[in-house]
Amino acid sequence: MLDRTLKSIAQLIAARRPGHSLPADLYTRADVFAVDMQVIFHNHWIYAGVEMDVPEAGDVSVIEFGKASVLLMRGDDEEVRAFHNVCRHRGARLLPPGLHSIGNLTCPYHQWTYRLDGDLVHAQHMGSDFDHTCHGLKPVHLRSIGGLLFICLADTPPDDIDDLAAVMEPRLAHYDLRNTKIAYQEDIIEEGNWKLVIENNRECYHCSGTHPELCNSFIALDFGYDPDSQSPEERAAAAEHLQRYEAQTANWEAMGFPSRAVEHLAGHATNFRTQRLIISGGGQSQSMDGKAVSDKLLGKDGRTDLGDVHLWTHNSWHHFMGDHALTFTVIPLSEDRTIVRSKWLVHKDAVEGVDYDLQKLIEVWRATNRQDADLVGMTHAGVSGIGYQPGPYSRFTEYQLENFATWYIERLTAFGYADEVSHGL
Ligand code: FES
Ligand SMILES: [Fe+2]
């Protein structure tokens, strides 16, 4: 007899084995994807981009998360605001995804016209009793944290975004991201579920086997190791590395640069981790030789000895270094396809070909992204087929996947999906 029963989401949540990858259906089913978009992407703070996506008044960035399309617009007063990309007349999309530069925002359907602050300023044939002031664009919650833009589509957003701001504002201050520019941006569509993209990013177990370019500057040991599987020499080197971290972290903090790891993961609505990491090789930047790749350093007081401030959230990862910054946005498209949007930021006055060589700037992470996309694609294929059963995370090198999976299950549970009679979608 064939088992034709489709497990409920509550049953999938109950079937999750701590310390193991998730049941296949949580990665592969379209109805689970719809729940993920509703719970995780439409009710939590999500990373949407940087202020420098819209450097000038009239610049608009349109970004889509599931059924939500959001306008990030810089007004004449230099403020960045977020609105739903939906006309208040009969609901037409106002602009397609991507970057635009406008004066006012005019709907292509019947030409209702909005100002950059969202107010409706023109709507023909609506009668003298029509109240323009009630028909401005619908705002979306927006927080700029050190120049990083976070949006929340919920009516009442989680208030622990304040924790992210409190930790990251001082860490990002040195890099002065509002005085950068995007030197390069690219989208990769990875053939896998967004949670596999995040899982792959939360471990460096795969780094030495996959990322020769990144390993010139990245230290896999920073993300854990099993001392019992190391040779005595490797164990001694790891112990020495830990001591070096302690000393370097204390030194950075004494100079006024917050550096210690902060983890705000399971148990919280807003998921993030940050730490200032030592860069290996040349010690300055994630480049092929570890040396700075842009001569015009970030911030007013440019320096190359402050390592790499890394930041993770549930849909992003970032590296802030002396000469450039990297930011990656995870945008789910369907249960089996995910955009990873990468941006390389340099000082706003840095000139390509003079202060930096674009190829040198982007070569490490362009290669790394492609290698990671292959890993995600091969994992999604395996998870989708016959024969997969959840496998054990390494407690030494993959504990951050366990943290992420626990957070994810907690969030679905908080929204009622662990109850047997689940929400209808
Ligand atoms: S739908 Fe936008 S003006 Fe009619
Ligand atoms: Fe990787």
# chains A, B, ... in the order shown; residues from 1 in each chain; ligands from 1
$ select_by_dssp --residues "segment 214-364 of chain A" --states "alpha helix (DSSP H)" --output "ChimeraX atom specification"
/A:232-254,358-364
$ write_last_selection --atoms "C-alpha atoms" --output "PDB file, in the first residue's frame"
ATOM      1  CA  PRO A 232      49.059  17.252  17.761  1.00  0.00           C
ATOM      2  CA  GLU A 233      50.616  19.975  15.555  1.00  0.00           C
ATOM      3  CA  GLU A 234      47.195  21.143  14.338  1.00  0.00           C
ATOM      4  CA  ARG A 235      45.908  21.167  17.907  1.00  0.00           C
ATOM      5  CA  ALA A 236      48.837  23.276  19.048  1.00  0.00           C
ATOM      6  CA  ALA A 237      48.324  25.684  16.138  1.00  0.00           C
ATOM      7  CA  ALA A 238      44.614  25.975  16.966  1.00  0.00           C
ATOM      8  CA  ALA A 239      45.375  26.719  20.623  1.00  0.00           C
ATOM      9  CA  GLU A 240      47.873  29.371  19.565  1.00  0.00           C
ATOM     10  CA  HIS A 241      45.301  30.864  17.195  1.00  0.00           C
ATOM     11  CA  LEU A 242      42.759  31.090  20.026  1.00  0.00           C
ATOM     12  CA  GLN A 243      45.281  32.914  22.198  1.00  0.00           C
ATOM     13  CA  ARG A 244      46.023  35.288  19.355  1.00  0.00           C
ATOM     14  CA  TYR A 245      42.289  35.987  19.058  1.00  0.00           C
ATOM     15  CA  GLU A 246      41.950  36.766  22.709  1.00  0.00           C
ATOM     16  CA  ALA A 247      44.880  39.179  22.571  1.00  0.00           C
ATOM     17  CA  GLN A 248      43.813  40.803  19.290  1.00  0.00           C
ATOM     18  CA  THR A 249      40.180  41.172  20.406  1.00  0.00           C
ATOM     19  CA  ALA A 250      41.257  42.756  23.698  1.00  0.00           C
ATOM     20  CA  ASN A 251      43.555  45.086  21.776  1.00  0.00           C
ATOM     21  CA  TRP A 252      40.819  46.183  19.326  1.00  0.00           C
ATOM     22  CA  GLU A 253      38.382  46.747  22.164  1.00  0.00           C
ATOM     23  CA  ALA A 254      40.943  48.772  24.111  1.00  0.00           C
ATOM     24  CA  LEU A 358      37.581  45.931 -10.232  1.00  0.00           C
ATOM     25  CA  GLN A 359      38.722  42.412 -11.057  1.00  0.00           C
ATOM     26  CA  LYS A 360      40.882  42.242  -7.948  1.00  0.00           C
ATOM     27  CA  LEU A 361      38.053  43.648  -5.842  1.00  0.00           C
ATOM     28  CA  ILE A 362      35.485  41.058  -6.876  1.00  0.00           C
ATOM     29  CA  GLU A 363      37.436  37.923  -7.768  1.00  0.00           C
ATOM     30  CA  VAL A 364      37.379  36.194  -4.376  1.00  0.00           C
TER      31      VAL A 364
END
$ residues_near_ligand --ligand "ligand 2" --cutoff "10 Å" --atoms "only C-alpha atoms and all ligand atoms" --output "mmCIF file with C-alpha atoms, in the first residue's frame"
data_model
loop_
_atom_site.group_PDB
_atom_site.id
_atom_site.type_symbol
_atom_site.label_atom_id
_atom_site.label_comp_id
_atom_site.auth_asym_id
_atom_site.auth_seq_id
_atom_site.Cartn_x
_atom_site.Cartn_y
_atom_site.Cartn_z
ATOM 1 C CA VAL A 197 21.546 28.839 1.263
ATOM 2 C CA GLU A 199 22.841 26.684 6.225
ATOM 3 C CA ASN A 200 25.667 26.635 3.706
ATOM 4 C CA ASN A 201 26.674 30.123 4.775
ATOM 5 C CA ARG A 202 26.648 29.313 8.511
ATOM 6 C CA GLU A 203 29.531 26.837 8.372
ATOM 7 C CA CYS A 204 33.076 26.726 7.110
ATOM 8 C CA TYR A 205 33.332 22.925 7.312
ATOM 9 C CA HIS A 206 33.257 23.008 3.502
ATOM 10 C CA CYS A 207 35.704 25.915 3.077
ATOM 11 C CA SER A 208 38.984 24.060 2.757
ATOM 12 C CA GLY A 209 37.498 21.617 0.215
ATOM 13 C CA THR A 210 35.688 24.239 -1.851
ATOM 14 C CA HIS A 211 36.989 27.793 -1.525
ATOM 15 C CA LEU A 214 38.490 32.658 0.138
ATOM 16 C CA TRP A 365 33.658 36.431 -3.686
ATOM 17 C CA ALA A 367 34.358 32.639 -7.237
ATOM 18 C CA THR A 368 33.111 31.838 -3.733
ATOM 19 C CA ASN A 369 29.494 32.588 -4.681
ATOM 20 C CA ARG A 370 29.644 30.202 -7.631
ATOM 21 C CA GLN A 371 31.213 27.476 -5.534
ATOM 22 C CA ASP A 372 28.528 27.947 -2.874
ATOM 23 C CA ALA A 373 25.746 27.952 -5.496
ATOM 24 C CA ASP A 374 26.965 24.529 -6.680
ATOM 25 C CA LEU A 375 26.915 23.194 -3.114
ATOM 26 C CA VAL A 376 23.388 24.497 -2.532
#
$ select_by_dssp --residues "segment 56-305 of chain A" --states "strand (DSSP E or B)" --output "ChimeraX atom specification"
/A:59-65,68-74,80-84,98-101,105-106,113-114,120-122,139,141-145,148-152,180-190,262-264,272-277,294
$ write_last_selection --atoms "C-alpha atoms" --output "PDB file, in the first residue's frame"
ATOM      1  CA  ASP A  59      16.526  57.303  -6.533  1.00  0.00           C
ATOM      2  CA  VAL A  60      14.318  54.270  -5.994  1.00  0.00           C
ATOM      3  CA  SER A  61      15.220  50.641  -5.419  1.00  0.00           C
ATOM      4  CA  VAL A  62      12.419  48.113  -5.898  1.00  0.00           C
ATOM      5  CA  ILE A  63      12.896  44.789  -4.144  1.00  0.00           C
ATOM      6  CA  GLU A  64      10.489  41.856  -3.967  1.00  0.00           C
ATOM      7  CA  PHE A  65      10.071  39.284  -1.210  1.00  0.00           C
ATOM      8  CA  ALA A  68       5.560  41.919  -1.321  1.00  0.00           C
ATOM      9  CA  SER A  69       7.121  44.488  -3.616  1.00  0.00           C
ATOM     10  CA  VAL A  70       8.770  47.362  -1.772  1.00  0.00           C
ATOM     11  CA  LEU A  71       9.923  50.802  -2.929  1.00  0.00           C
ATOM     12  CA  LEU A  72      13.007  52.161  -1.131  1.00  0.00           C
ATOM     13  CA  MET A  73      13.003  55.856  -2.078  1.00  0.00           C
ATOM     14  CA  ARG A  74      15.222  58.778  -1.189  1.00  0.00           C
ATOM     15  CA  VAL A  80      15.144  57.098   2.734  1.00  0.00           C
ATOM     16  CA  ARG A  81      11.602  55.746   3.086  1.00  0.00           C
ATOM     17  CA  ALA A  82       9.955  52.428   2.251  1.00  0.00           C
ATOM     18  CA  PHE A  83       6.503  51.943   0.736  1.00  0.00           C
ATOM     19  CA  HIS A  84       4.455  49.139  -0.744  1.00  0.00           C
ATOM     20  CA  GLY A  98      15.501  47.207  -9.927  1.00  0.00           C
ATOM     21  CA  LEU A  99      16.910  50.724  -9.686  1.00  0.00           C
ATOM     22  CA  HIS A 100      15.180  53.855 -10.970  1.00  0.00           C
ATOM     23  CA  SER A 101      15.630  57.589 -10.859  1.00  0.00           C
ATOM     24  CA  LEU A 105       6.186  58.608  -8.999  1.00  0.00           C
ATOM     25  CA  THR A 106       3.425  58.348 -11.608  1.00  0.00           C
ATOM     26  CA  THR A 113       1.107  60.787  -9.040  1.00  0.00           C
ATOM     27  CA  TYR A 114       2.943  60.468  -5.724  1.00  0.00           C
ATOM     28  CA  LEU A 120      -0.531  61.609  -3.429  1.00  0.00           C
ATOM     29  CA  VAL A 121      -0.313  64.929  -5.298  1.00  0.00           C
ATOM     30  CA  HIS A 122      -2.363  64.301  -8.418  1.00  0.00           C
ATOM     31  CA  PRO A 139       4.433  52.815   4.278  1.00  0.00           C
ATOM     32  CA  HIS A 141       8.601  49.841   8.422  1.00  0.00           C
ATOM     33  CA  LEU A 142      12.221  50.749   7.716  1.00  0.00           C
ATOM     34  CA  ARG A 143      15.340  50.979   9.886  1.00  0.00           C
ATOM     35  CA  SER A 144      18.701  52.134   8.615  1.00  0.00           C
ATOM     36  CA  ILE A 145      21.366  50.671  10.890  1.00  0.00           C
ATOM     37  CA  LEU A 148      22.144  48.922   6.198  1.00  0.00           C
ATOM     38  CA  LEU A 149      18.424  48.935   5.360  1.00  0.00           C
ATOM     39  CA  PHE A 150      16.099  46.583   7.203  1.00  0.00           C
ATOM     40  CA  ILE A 151      12.384  46.449   6.420  1.00  0.00           C
ATOM     41  CA  CYS A 152       9.465  44.782   8.156  1.00  0.00           C
ATOM     42  CA  THR A 180      30.450  54.552   0.093  1.00  0.00           C
ATOM     43  CA  LYS A 181      29.329  53.566  -3.384  1.00  0.00           C
ATOM     44  CA  ILE A 182      28.445  50.244  -4.934  1.00  0.00           C
ATOM     45  CA  ALA A 183      31.404  49.333  -7.103  1.00  0.00           C
ATOM     46  CA  TYR A 184      29.802  46.133  -8.332  1.00  0.00           C
ATOM     47  CA  GLN A 185      26.612  44.166  -7.821  1.00  0.00           C
ATOM     48  CA  GLU A 186      25.440  40.819  -9.101  1.00  0.00           C
ATOM     49  CA  ASP A 187      22.559  38.414  -8.608  1.00  0.00           C
ATOM     50  CA  ILE A 188      23.049  34.671  -8.669  1.00  0.00           C
ATOM     51  CA  ILE A 189      20.052  32.375  -8.717  1.00  0.00           C
ATOM     52  CA  GLU A 190      20.903  29.366  -6.594  1.00  0.00           C
ATOM     53  CA  VAL A 262      27.509  38.783  19.951  1.00  0.00           C
ATOM     54  CA  GLU A 263      24.931  36.090  19.223  1.00  0.00           C
ATOM     55  CA  HIS A 264      21.221  36.921  19.129  1.00  0.00           C
ATOM     56  CA  PHE A 272      21.902  37.967  14.093  1.00  0.00           C
ATOM     57  CA  ARG A 273      25.519  37.243  14.930  1.00  0.00           C
ATOM     58  CA  THR A 274      28.536  39.504  14.691  1.00  0.00           C
ATOM     59  CA  GLN A 275      32.227  39.318  15.523  1.00  0.00           C
ATOM     60  CA  ARG A 276      35.389  41.080  14.412  1.00  0.00           C
ATOM     61  CA  LEU A 277      37.496  38.413  12.719  1.00  0.00           C
ATOM     62  CA  SER A 294      41.216  49.690  -2.718  1.00  0.00           C
TER      63      SER A 294
END
$ closest_atom_pairs --of "chain A" --to "ligand 1" --cutoff "12 Å" --atoms "only C-alpha atoms and all ligand atoms" --output "JSON lines"
{"residue": "A:Asn85", "atom": "CA", "partner": "ligand 1", "partner_atom_place_in_ligand_line": "2 (Fe)", "distance": 10.5}
{"residue": "A:Val86", "atom": "CA", "partner": "ligand 1", "partner_atom_place_in_ligand_line": "2 (Fe)", "distance": 7.9}
{"residue": "A:Cys87", "atom": "CA", "partner": "ligand 1", "partner_atom_place_in_ligand_line": "2 (Fe)", "distance": 4.6}
{"residue": "A:Arg88", "atom": "CA", "partner": "ligand 1", "partner_atom_place_in_ligand_line": "2 (Fe)", "distance": 6.6}
{"residue": "A:His89", "atom": "CA", "partner": "ligand 1", "partner_atom_place_in_ligand_line": "1 (S)", "distance": 4.7}
{"residue": "A:Arg90", "atom": "CA", "partner": "ligand 1", "partner_atom_place_in_ligand_line": "1 (S)", "distance": 4.0}
{"residue": "A:Gly91", "atom": "CA", "partner": "ligand 1", "partner_atom_place_in_ligand_line": "1 (S)", "distance": 5.0}
{"residue": "A:Ala92", "atom": "CA", "partner": "ligand 1", "partner_atom_place_in_ligand_line": "1 (S)", "distance": 4.5}
{"residue": "A:Arg93", "atom": "CA", "partner": "ligand 1", "partner_atom_place_in_ligand_line": "2 (Fe)", "distance": 7.6}
{"residue": "A:Leu94", "atom": "CA", "partner": "ligand 1", "partner_atom_place_in_ligand_line": "2 (Fe)", "distance": 7.2}
{"residue": "A:Leu95", "atom": "CA", "partner": "ligand 1", "partner_atom_place_in_ligand_line": "2 (Fe)", "distance": 10.9}
{"residue": "A:Leu105", "atom": "CA", "partner": "ligand 1", "partner_atom_place_in_ligand_line": "2 (Fe)", "distance": 10.4}
{"residue": "A:Thr106", "atom": "CA", "partner": "ligand 1", "partner_atom_place_in_ligand_line": "3 (S)", "distance": 7.8}
{"residue": "A:Cys107", "atom": "CA", "partner": "ligand 1", "partner_atom_place_in_ligand_line": "2 (Fe)", "distance": 4.6}
{"residue": "A:Pro108", "atom": "CA", "partner": "ligand 1", "partner_atom_place_in_ligand_line": "2 (Fe)", "distance": 6.5}
{"residue": "A:Tyr109", "atom": "CA", "partner": "ligand 1", "partner_atom_place_in_ligand_line": "4 (Fe)", "distance": 4.8}
{"residue": "A:His110", "atom": "CA", "partner": "ligand 1", "partner_atom_place_in_ligand_line": "3 (S)", "distance": 3.6}
{"residue": "A:Gln111", "atom": "CA", "partner": "ligand 1", "partner_atom_place_in_ligand_line": "3 (S)", "distance": 4.8}
{"residue": "A:Trp112", "atom": "CA", "partner": "ligand 1", "partner_atom_place_in_ligand_line": "3 (S)", "distance": 4.3}
{"residue": "A:Thr113", "atom": "CA", "partner": "ligand 1", "partner_atom_place_in_ligand_line": "3 (S)", "distance": 7.7}
{"residue": "A:Tyr114", "atom": "CA", "partner": "ligand 1", "partner_atom_place_in_ligand_line": "3 (S)", "distance": 10.2}
{"residue": "A:Leu120", "atom": "CA", "partner": "ligand 1", "partner_atom_place_in_ligand_line": "3 (S)", "distance": 10.7}
{"residue": "A:Val121", "atom": "CA", "partner": "ligand 1", "partner_atom_place_in_ligand_line": "3 (S)", "distance": 11.9}
{"residue": "A:His122", "atom": "CA", "partner": "ligand 1", "partner_atom_place_in_ligand_line": "3 (S)", "distance": 9.7}
{"residue": "A:Ala123", "atom": "CA", "partner": "ligand 1", "partner_atom_place_in_ligand_line": "3 (S)", "distance": 7.5}
{"residue": "A:Gln124", "atom": "CA", "partner": "ligand 1", "partner_atom_place_in_ligand_line": "3 (S)", "distance": 9.1}
{"residue": "A:His125", "atom": "CA", "partner": "ligand 1", "partner_atom_place_in_ligand_line": "3 (S)", "distance": 10.9}
{"residue": "A:Met126", "atom": "CA", "partner": "ligand 1", "partner_atom_place_in_ligand_line": "3 (S)", "distance": 10.8}
{"residue": "A:His135", "atom": "CA", "partner": "ligand 1", "partner_atom_place_in_ligand_line": "2 (Fe)", "distance": 11.1}
{"residue": "A:Gly136", "atom": "CA", "partner": "ligand 1", "partner_atom_place_in_ligand_line": "2 (Fe)", "distance": 11.7}
{"residue": "A:Leu137", "atom": "CA", "partner": "ligand 1", "partner_atom_place_in_ligand_line": "2 (Fe)", "distance": 10.9}
$ atom_distance --atom1 "atom CA of Ser280 of chain A" --atom2 "atom CA of Asp323 of chain A"
15.3 Å
$ closest_residue --among "A:Asn43, A:Thr338, A:Thr133, A:Gln11" --to "Asp159 of chain A" --atoms "only C-alpha atoms"
A:Asn43
$ closest_residue --among "A:Leu26, A:Ala350, A:Ile278, A:Leu12" --to "Met321 of chain A" --atoms "only C-alpha atoms"
A:Ile278
$ residues_around --residues "Ala15 of chain A" --least-positions-apart "4" --cutoff "12 Å" --atoms "only C-alpha atoms" --output "PyMOL selection string"
chain A and resi 7-11+20-26+389-390+409+418
$ closest_residue --among "A:Trp45, A:Ala220, A:Trp194, A:Asp77" --to "Leu164 of chain A" --atoms "only C-alpha atoms"
A:Trp45
$ atom_distance --atom1 "atom CA of Lys348 of chain A" --atom2 "atom CA of Leu177 of chain A"
9.1 Å
$ atom_distance --atom1 "atom CA of Gly66 of chain A" --atom2 "atom CA of Gly385 of chain A"
25.2 Å
$ closest_residue --among "A:Gly353, A:Ala165, A:Pro332, A:His380" --to "Ala34 of chain A" --atoms "only C-alpha atoms"
A:Pro332
$ residues_around --residues "segment 318-320 of chain A" --least-positions-apart "6" --cutoff "12 Å" --atoms "only C-alpha atoms" --output "ChimeraX atom specification"
/A:47,49-50,146,148,168,171-177,180,201,218,272-279,284-286,297-299,304,306-312,326-330,341-346,365
$ closest_residue --among "A:Gly127, A:Asp295, A:Leu153, A:Ser334" --to "Glu352 of chain A" --atoms "only C-alpha atoms"
A:Asp295
